[in-house]
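Peer 1: Sending over a structure as structure tokens; questions will come in a sec.
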Amino acid sequence: MILPPRLFAVTLCCLVGAAALPALAQPQPQPQPAPVFVLNSLDANVSVINPLTWTETKRIATGKEPHHIYLTPDEKSVIVANALSDTLTFIDPKTAEVQRVISGILDPYHLRFSPDMKWFVTAANRLNHIDLYRWDGSNITLVKRVATSKTPSHLWIDSKSTTVYSTMQDSDELIAIDLATQTIKWRTPTGSIPADLYGSADDKLILVGLTGGDTVEVFDVSGKQPQRTKVIKTGAGAHAFRALGDGRHVLVSNRVANSISKLDLQTLAVVDSYPAPGGPDCMDVSRDGKFIYVTSRWARKLTVIDMTDRKVVRQVNVGKSPHGVWTLDHAPR
């Protein structure tokens, strides 16, 4: 059919105008949040939890007694340390897929990378030594095995990557290891059953949680010898630390008291407290800083605490003796 000239012109104009209109925007898929990992120490596996539905999606088999977890410097893997199997399990922090397993790492109970990303350090809780490894971005090489006192527990490394601090759980000590010489610089007595420790941003102070008591001890480590300067009462079984990410506050889990204390690092005082049933242990904090994720060690649960309302808002069933907890979607550390 041949259109009259005027109708043809109108039709052509409409077609050109329609072609010039932008295509309707298609809805873009929303990025999925990173899973929450919970280490089930007595089940030899890791619970993977969806933070949208708060359901356990699967369990990842690891070695025996996975206790702690740490992100690699390139943020492409999280490492689960399997103390009784002498292995490290590398897991993709976004997909929760196992990437590789490294064997021959003797009793890796606690683990940490140095801030300069050159050192990888493990504490052998049952074998009484600390291992210092070189990290080349992919592989680790043992440089020195340092014999310690009884039961090295948790580790901290200063911001300059010069000193490793470790608590001695069964000999009630805090020690400092010089990374340049791989030797112990000093040791000092602590209260009963020292567990986790936390260092101030200026490297002047080390805080030590006393699981055998109800306090956090503060040591000034800026001089040649450490000095205990303060004792902060938090709650029975003071155990693990987690910075809130605001540069000023840190959380302390009180395992026996079933509570979490919020410490002000400027005043070195407790400024808030939260209920945490079931023997609270390791913690992480949501990216927006509103929620605490804490393992309830004796209740086989991950507990989520609303910091504004100061109450438990949900619990997720996990495995036996849940210990470490971690997610890529966390508040700054």
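Going by the structure tokens order, chains are called A, B, ..., each with residues numbered from 1, while ligands are numbered from 1 in the order shown.
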Per residue of region 43-100 of chain A within 8 Å of region 104-121 of chain A, note the shortest atom pair and the distance in Å to one decimal, counting only C-alpha atoms, and order the rows by chain and increasing residue number, as JSON lines.
Peer 2:
```
{"residue": "A:Pro66", "atom": "CA", "partner": "A:Tyr109", "partner_atom": "CA", "distance": 7.7}
{"residue": "A:His67", "atom": "CA", "partner": "A:Tyr109", "partner_atom": "CA", "distance": 6.2}
{"residue": "A:His68", "atom": "CA", "partner": "A:His110", "partner_atom": "CA", "distance": 5.8}
{"residue": "A:Ile69", "atom": "CA", "partner": "A:Leu111", "partner_atom": "CA", "distance": 7.4}
{"residue": "A:Tyr70", "atom": "CA", "partner": "A:Arg112", "partner_atom": "CA", "distance": 6.6}
{"residue": "A:Thr72", "atom": "CA", "partner": "A:Phe113", "partner_atom": "CA", "distance": 7.6}
{"residue": "A:Pro73", "atom": "CA", "partner": "A:Met117", "partner_atom": "CA", "distance": 6.3}
{"residue": "A:Ala81", "atom": "CA", "partner": "A:Pro108", "partner_atom": "CA", "distance": 5.4}
{"residue": "A:Asn82", "atom": "CA", "partner": "A:Pro108", "partner_atom": "CA", "distance": 6.2}
{"residue": "A:Ala83", "atom": "CA", "partner": "A:Asp107", "partner_atom": "CA", "distance": 4.3}
{"residue": "A:Leu84", "atom": "CA", "partner": "A:Asp107", "partner_atom": "CA", "distance": 6.0}
{"residue": "A:Ser85", "atom": "CA", "partner": "A:Asp107", "partner_atom": "CA", "distance": 7.3}
{"residue": "A:Asp86", "atom": "CA", "partner": "A:Leu106", "partner_atom": "CA", "distance": 4.8}
{"residue": "A:Thr87", "atom": "CA", "partner": "A:Ile105", "partner_atom": "CA", "distance": 5.5}
{"residue": "A:Leu88", "atom": "CA", "partner": "A:Ile105", "partner_atom": "CA", "distance": 7.2}
```
Peer 1: Could you please take those selected residues and save N, CA, C and O atoms as a PDB file, in the first residue's frame?
Peer 2:
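out-v2.pdb, written as the output of this step:
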```
ATOM      1  N   PRO A  66      38.827 -26.302  63.897  1.00  0.00           N
ATOM      2  CA  PRO A  66      38.976 -24.946  63.343  1.00  0.00           C
ATOM      3  C   PRO A  66      38.557 -23.931  64.397  1.00  0.00           C
ATOM      4  O   PRO A  66      37.439 -23.982  64.908  1.00  0.00           O
ATOM      5  N   HIS A  67      39.459 -23.042  64.748  1.00  0.00           N
ATOM      6  CA  HIS A  67      39.179 -22.094  65.824  1.00  0.00           C
ATOM      7  C   HIS A  67      39.099 -20.644  65.342  1.00  0.00           C
ATOM      8  O   HIS A  67      38.209 -19.900  65.743  1.00  0.00           O
ATOM      9  N   HIS A  68      40.041 -20.241  64.503  1.00  0.00           N
ATOM     10  CA  HIS A  68      40.085 -18.829  64.099  1.00  0.00           C
ATOM     11  C   HIS A  68      40.224 -18.696  62.589  1.00  0.00           C
ATOM     12  O   HIS A  68      40.647 -19.628  61.897  1.00  0.00           O
ATOM     13  N   ILE A  69      39.878 -17.503  62.097  1.00  0.00           N
ATOM     14  CA  ILE A  69      39.776 -17.238  60.662  1.00  0.00           C
ATOM     15  C   ILE A  69      40.357 -15.855  60.384  1.00  0.00           C
ATOM     16  O   ILE A  69      40.234 -14.943  61.207  1.00  0.00           O
ATOM     17  N   TYR A  70      41.012 -15.700  59.221  1.00  0.00           N
ATOM     18  CA  TYR A  70      41.664 -14.415  58.920  1.00  0.00           C
ATOM     19  C   TYR A  70      41.682 -14.190  57.416  1.00  0.00           C
ATOM     20  O   TYR A  70      41.872 -15.126  56.629  1.00  0.00           O
ATOM     21  N   THR A  72      43.167 -12.904  53.849  1.00  0.00           N
ATOM     22  CA  THR A  72      44.470 -12.695  53.224  1.00  0.00           C
ATOM     23  C   THR A  72      44.612 -11.225  52.804  1.00  0.00           C
ATOM     24  O   THR A  72      43.614 -10.537  52.583  1.00  0.00           O
ATOM     25  N   PRO A  73      45.840 -10.735  52.690  1.00  0.00           N
ATOM     26  CA  PRO A  73      46.039  -9.322  52.334  1.00  0.00           C
ATOM     27  C   PRO A  73      45.393  -8.897  51.030  1.00  0.00           C
ATOM     28  O   PRO A  73      44.979  -7.749  50.893  1.00  0.00           O
ATOM     29  N   ALA A  81      42.142 -21.770  60.268  1.00  0.00           N
ATOM     30  CA  ALA A  81      43.245 -22.510  60.870  1.00  0.00           C
ATOM     31  C   ALA A  81      42.703 -23.726  61.620  1.00  0.00           C
ATOM     32  O   ALA A  81      41.923 -23.577  62.560  1.00  0.00           O
ATOM     33  N   ASN A  82      43.128 -24.916  61.192  1.00  0.00           N
ATOM     34  CA  ASN A  82      42.642 -26.173  61.765  1.00  0.00           C
ATOM     35  C   ASN A  82      43.720 -26.743  62.687  1.00  0.00           C
ATOM     36  O   ASN A  82      44.649 -27.426  62.241  1.00  0.00           O
ATOM     37  N   ALA A  83      43.577 -26.462  63.980  1.00  0.00           N
ATOM     38  CA  ALA A  83      44.657 -26.711  64.926  1.00  0.00           C
ATOM     39  C   ALA A  83      45.057 -28.179  65.021  1.00  0.00           C
ATOM     40  O   ALA A  83      46.250 -28.511  65.015  1.00  0.00           O
ATOM     41  N   LEU A  84      44.088 -29.071  65.138  1.00  0.00           N
ATOM     42  CA  LEU A  84      44.410 -30.470  65.394  1.00  0.00           C
ATOM     43  C   LEU A  84      44.761 -31.245  64.123  1.00  0.00           C
ATOM     44  O   LEU A  84      45.287 -32.349  64.187  1.00  0.00           O
ATOM     45  N   SER A  85      44.497 -30.659  62.962  1.00  0.00           N
ATOM     46  CA  SER A  85      44.840 -31.309  61.696  1.00  0.00           C
ATOM     47  C   SER A  85      46.087 -30.727  61.052  1.00  0.00           C
ATOM     48  O   SER A  85      46.531 -31.210  59.997  1.00  0.00           O
ATOM     49  N   ASP A  86      46.634 -29.682  61.651  1.00  0.00           N
ATOM     50  CA  ASP A  86      47.849 -29.052  61.126  1.00  0.00           C
ATOM     51  C   ASP A  86      47.669 -28.564  59.691  1.00  0.00           C
ATOM     52  O   ASP A  86      48.549 -28.731  58.843  1.00  0.00           O
ATOM     53  N   THR A  87      46.507 -27.951  59.416  1.00  0.00           N
ATOM     54  CA  THR A  87      46.225 -27.474  58.065  1.00  0.00           C
ATOM     55  C   THR A  87      45.608 -26.084  58.079  1.00  0.00           C
ATOM     56  O   THR A  87      45.073 -25.628  59.095  1.00  0.00           O
ATOM     57  N   LEU A  88      45.677 -25.439  56.919  1.00  0.00           N
ATOM     58  CA  LEU A  88      44.994 -24.173  56.669  1.00  0.00           C
ATOM     59  C   LEU A  88      44.055 -24.378  55.481  1.00  0.00           C
ATOM     60  O   LEU A  88      44.473 -24.881  54.438  1.00  0.00           O
TER      61      LEU A  88
END
```
Peer 1: Which residues come within 6 Å of Val250 (chain A), counting only C-alpha atoms, excluding same-chain residues fewer than 4 positions away, as a PyMOL selection string?
Peer 2: chain A and resi 242-244+262-263
Peer 1: Report as a Markdown table: every residue of region 73-168 of chain A with an atom at most 10 Å from region 174-198 of chain A, its closest pair of atoms, and their distance in Å to one decimal, counting only C-alpha atoms, with rows sorted by chain and ascending residue number.
Peer 2:
```
| residue | atom | partner | partner_atom | distance |
| --- | --- | --- | --- | --- |
| A:His110 | CA | A:Asp196 | CA | 9.9 |
| A:Ser114 | CA | A:Leu179 | CA | 10.0 |
| A:Trp119 | CA | A:Leu179 | CA | 8.7 |
| A:Ile130 | CA | A:Ile177 | CA | 9.4 |
| A:Asp131 | CA | A:Gln182 | CA | 9.6 |
| A:Leu132 | CA | A:Gln182 | CA | 7.7 |
| A:Val143 | CA | A:Gln182 | CA | 8.4 |
| A:Lys144 | CA | A:Gln182 | CA | 6.6 |
| A:Arg145 | CA | A:Gln182 | CA | 8.4 |
| A:Val146 | CA | A:Thr183 | CA | 7.0 |
| A:Ala147 | CA | A:Ile184 | CA | 9.0 |
| A:Thr148 | CA | A:Ile175 | CA | 8.4 |
| A:Ser149 | CA | A:Ile175 | CA | 9.0 |
| A:Thr151 | CA | A:Ile193 | CA | 9.8 |
| A:Pro152 | CA | A:Ala195 | CA | 8.9 |
| A:Ser153 | CA | A:Ala195 | CA | 5.9 |
| A:His154 | CA | A:Asp196 | CA | 5.1 |
| A:Leu155 | CA | A:Leu197 | CA | 6.9 |
| A:Trp156 | CA | A:Tyr198 | CA | 6.6 |
| A:Ile157 | CA | A:Tyr198 | CA | 9.2 |
| A:Asp158 | CA | A:Tyr198 | CA | 9.7 |
| A:Ser161 | CA | A:Leu179 | CA | 7.6 |
| A:Thr162 | CA | A:Leu179 | CA | 5.3 |
| A:Thr163 | CA | A:Asp178 | CA | 4.9 |
| A:Val164 | CA | A:Ile177 | CA | 5.0 |
| A:Tyr165 | CA | A:Ala176 | CA | 4.6 |
| A:Ser166 | CA | A:Ile175 | CA | 5.5 |
| A:Thr167 | CA | A:Leu174 | CA | 4.6 |
| A:Met168 | CA | A:Leu174 | CA | 6.1 |
```
Peer 1: Residues within 9 Å of Leu71 (chain A), please, as a PDB file with C-alpha atoms, in the first residue's frame. Count only C-alpha atoms; anything in the same chain fewer than 4 positions from it doesn't count.
Peer 2:
```
ATOM      1  CA  GLU A  75      41.146 -10.066  50.242  1.00  0.00           C
ATOM      2  CA  LYS A  76      40.600 -12.981  47.862  1.00  0.00           C
ATOM      3  CA  SER A  77      40.628 -15.698  50.525  1.00  0.00           C
ATOM      4  CA  VAL A  78      39.813 -16.283  54.141  1.00  0.00           C
ATOM      5  CA  ILE A  79      42.028 -18.747  55.961  1.00  0.00           C
ATOM      6  CA  PRO A  93      34.880 -15.017  51.081  1.00  0.00           C
ATOM      7  CA  ARG A 112      47.483 -13.115  61.857  1.00  0.00           C
ATOM      8  CA  PHE A 113      49.137 -11.209  58.999  1.00  0.00           C
ATOM      9  CA  LEU A 328      33.431  -9.764  54.284  1.00  0.00           C
TER      10      LEU A 328
END
```
Peer 1: Separation of CA of Asp170 (chain A) and CA of Thr141 (chain A), in Å?
Peer 2: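 CA of Thr141 (chain A) lies 28.4 Å from CA of Asp170 (chain A).
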Peer 1: Neighbouring residues of Asn50 (chain A) were defined as those with any atom within 10 Å, considering only C-alpha atoms; residues of the same chain fewer than 5 positions away were excluded. Please report them as a list in words.
Peer 2: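 Listed by chain and then number, they are Gln32, Pro33, Ala34, Pro35, Val36, Phe37, Thr55, Glu56, Thr57 and Lys58 of chain A.
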Peer 1: What is the distance, in Å and to one decimal place, between CA of Gly199 (chain A) and CA of Gly223 (chain A)?
Peer 2: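 Interatomic distance, CA of Gly199 (chain A) to CA of Gly223 (chain A): 14.7 Å.
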Peer 1: Take CA of Gln315 (chain A) and CA of Arg255 (chain A) and report the distance between them in Å, one decimal.
Peer 2: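 Those two atoms sit 16.8 Å apart.
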Peer 1: Let's see if you can do this: from backbone DSSP, list all strand (DSSP E) residues in region 76-306 of chain A, as a VMD selection string.
Peer 2: chain A and resid 78 to 82 87 to 91 98 to 103 110 to 113 119 to 124 129 to 135 140 to 147 152 to 157 163 to 168 173 to 178 183 to 189 194 to 199 205 to 210 215 to 220 227 to 233 238 to 243 249 to 254 259 to 264 269 to 275 280 to 285 291 to 296 301 to 306
Peer 1: Mind dumping the selected residues with C-alpha atoms as a CSV table (one decimal), in the first residue's frame?
Peer 2:
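Written out: again-v8.csv:
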```csv
chain,number,residue,atom,x,y,z
A,78,VAL,CA,39.8,-16.3,54.1
A,79,ILE,CA,42.0,-18.7,56.0
A,80,VAL,CA,40.6,-21.2,58.5
A,81,ALA,CA,43.2,-22.5,60.9
A,82,ASN,CA,42.6,-26.2,61.8
A,87,THR,CA,46.2,-27.5,58.1
A,88,LEU,CA,45.0,-24.2,56.7
A,89,THR,CA,41.8,-24.1,54.6
A,90,PHE,CA,41.5,-21.2,52.1
A,91,ILE,CA,37.9,-20.2,51.2
A,98,VAL,CA,37.1,-24.0,49.1
A,99,GLN,CA,40.1,-22.8,47.1
A,100,ARG,CA,43.0,-24.9,48.5
A,101,VAL,CA,44.4,-26.6,51.7
A,102,ILE,CA,47.9,-26.2,53.0
A,103,SER,CA,49.3,-29.0,55.1
A,110,HIS,CA,45.5,-18.4,66.2
A,111,LEU,CA,46.7,-16.6,63.1
A,112,ARG,CA,47.5,-13.1,61.9
A,113,PHE,CA,49.1,-11.2,59.0
A,119,TRP,CA,54.7,-11.9,57.8
A,120,PHE,CA,52.2,-14.6,58.6
A,121,VAL,CA,52.2,-15.7,62.2
A,122,THR,CA,50.5,-18.7,63.9
A,123,ALA,CA,50.2,-19.6,67.6
A,124,ALA,CA,50.5,-23.3,68.5
A,129,HIS,CA,55.5,-22.3,70.1
A,130,ILE,CA,54.8,-19.4,67.7
A,131,ASP,CA,55.7,-19.8,64.1
A,132,LEU,CA,56.9,-16.9,62.0
A,133,TYR,CA,56.4,-17.3,58.2
A,134,ARG,CA,57.3,-15.2,55.2
A,135,TRP,CA,54.3,-14.4,52.9
A,140,ILE,CA,54.2,-19.1,53.2
A,141,THR,CA,57.7,-20.1,54.2
A,142,LEU,CA,58.7,-20.9,57.8
A,143,VAL,CA,61.4,-18.5,59.0
A,144,LYS,CA,61.6,-19.3,62.7
A,145,ARG,CA,59.8,-21.4,65.3
A,146,VAL,CA,59.9,-19.6,68.6
A,147,ALA,CA,59.5,-21.7,71.8
A,152,PRO,CA,50.3,-19.5,73.5
A,153,SER,CA,46.8,-18.2,72.8
A,154,HIS,CA,46.1,-15.0,70.8
A,155,LEU,CA,48.3,-12.8,68.7
A,156,TRP,CA,48.6,-9.1,67.9
A,157,ILE,CA,51.2,-7.3,65.7
A,163,THR,CA,56.6,-6.8,67.2
A,164,VAL,CA,54.4,-9.8,67.7
A,165,TYR,CA,52.5,-9.9,71.1
A,166,SER,CA,51.1,-13.1,72.4
A,167,THR,CA,49.3,-14.2,75.5
A,168,MET,CA,50.3,-17.4,77.4
A,173,GLU,CA,52.0,-14.1,80.7
A,174,LEU,CA,52.2,-11.6,77.9
A,175,ILE,CA,55.3,-11.9,75.6
A,176,ALA,CA,56.7,-9.7,72.8
A,177,ILE,CA,58.7,-11.1,69.9
A,178,ASP,CA,61.0,-9.0,67.7
A,183,THR,CA,63.5,-13.6,69.3
A,184,ILE,CA,61.6,-12.9,72.5
A,185,LYS,CA,62.2,-9.3,73.7
A,186,TRP,CA,60.4,-9.6,77.0
A,187,ARG,CA,57.7,-11.3,79.0
A,188,THR,CA,55.5,-10.0,81.8
A,189,PRO,CA,53.0,-11.7,84.2
A,194,PRO,CA,44.9,-14.3,79.4
A,195,ALA,CA,43.2,-14.8,76.1
A,196,ASP,CA,42.7,-12.2,73.3
A,197,LEU,CA,44.6,-9.0,73.1
A,198,TYR,CA,44.2,-5.7,71.4
A,199,GLY,CA,46.6,-2.9,70.6
A,205,LEU,CA,48.9,0.1,74.8
A,206,ILE,CA,48.1,-3.6,74.7
A,207,LEU,CA,44.8,-4.7,76.3
A,208,VAL,CA,44.5,-8.3,77.6
A,209,GLY,CA,41.3,-10.1,78.4
A,210,LEU,CA,41.4,-12.3,81.4
A,215,THR,CA,38.8,-7.7,83.9
A,216,VAL,CA,40.9,-6.4,81.0
A,217,GLU,CA,44.4,-5.5,81.9
A,218,VAL,CA,46.1,-2.5,80.1
A,219,PHE,CA,49.9,-2.6,79.5
A,220,ASP,CA,52.0,0.3,78.3
A,227,GLN,CA,54.1,-1.6,82.6
A,228,ARG,CA,50.6,-2.5,83.7
A,229,THR,CA,48.8,0.8,84.0
A,230,LYS,CA,45.2,0.0,84.5
A,231,VAL,CA,42.7,-2.8,85.2
A,232,ILE,CA,39.2,-2.4,83.7
A,233,LYS,CA,36.3,-4.5,85.1
A,238,ALA,CA,36.6,-11.5,79.6
A,239,HIS,CA,37.8,-13.1,76.5
A,240,ALA,CA,37.7,-11.7,72.9
A,241,PHE,CA,38.0,-8.2,71.4
A,242,ARG,CA,36.5,-6.6,68.3
A,243,ALA,CA,37.0,-3.0,67.2
A,249,HIS,CA,35.6,1.9,70.8
A,250,VAL,CA,36.3,-1.8,71.2
A,251,LEU,CA,34.0,-4.7,72.3
A,252,VAL,CA,34.9,-7.3,74.8
A,253,SER,CA,33.0,-10.6,75.1
A,254,ASN,CA,32.6,-11.8,78.7
A,259,SER,CA,27.6,-10.2,78.2
A,260,ILE,CA,29.6,-7.9,75.8
A,261,SER,CA,31.2,-4.7,77.1
A,262,LYS,CA,31.9,-1.6,75.0
A,263,LEU,CA,35.2,0.1,76.0
A,264,ASP,CA,36.2,3.6,75.2
A,269,ALA,CA,36.3,2.7,80.7
A,270,VAL,CA,33.2,0.6,80.0
A,271,VAL,CA,30.6,2.8,78.4
A,272,ASP,CA,27.9,0.3,77.4
A,273,SER,CA,26.9,-3.4,77.8
A,274,TYR,CA,24.9,-5.9,75.7
A,275,PRO,CA,23.4,-9.2,76.6
A,280,PRO,CA,29.9,-15.4,73.9
A,281,ASP,CA,33.2,-15.8,72.2
A,282,CYS,CA,34.4,-14.3,68.9
A,283,MET,CA,32.6,-11.4,67.3
A,284,ASP,CA,32.1,-9.5,64.1
A,285,VAL,CA,30.2,-6.3,63.4
A,291,PHE,CA,24.7,-5.3,64.8
A,292,ILE,CA,27.1,-7.6,66.6
A,293,TYR,CA,27.5,-11.2,65.4
A,294,VAL,CA,28.8,-13.3,68.2
A,295,THR,CA,29.3,-17.1,68.6
A,296,SER,CA,27.5,-18.5,71.6
A,301,LYS,CA,24.3,-20.7,67.9
A,302,LEU,CA,25.3,-17.6,66.2
A,303,THR,CA,23.7,-14.7,68.1
A,304,VAL,CA,22.8,-11.3,66.5
A,305,ILE,CA,22.6,-8.3,68.8
A,306,ASP,CA,21.0,-5.0,68.0
```
Peer 1: Measuring atom to atom with only C-alpha atoms, identify which of A:Arg59, A:Lys94, A:Lys204, A:Arg314 is nearest to Ser159 (chain A).
Peer 2: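 Comparing A:Arg59, A:Lys94, A:Lys204, A:Arg314 against Ser159 (chain A), the winner is A:Lys204.
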Peer 1: Counting only C-alpha atoms, which residue out of A:Pro322, A:Gly63, A:Gly279, A:Pro332 sits closest to Ala236 (chain A)?
Peer 2: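 Residue with the minimum atom-to-atom distance to Ala236 (chain A): A:Gly279.
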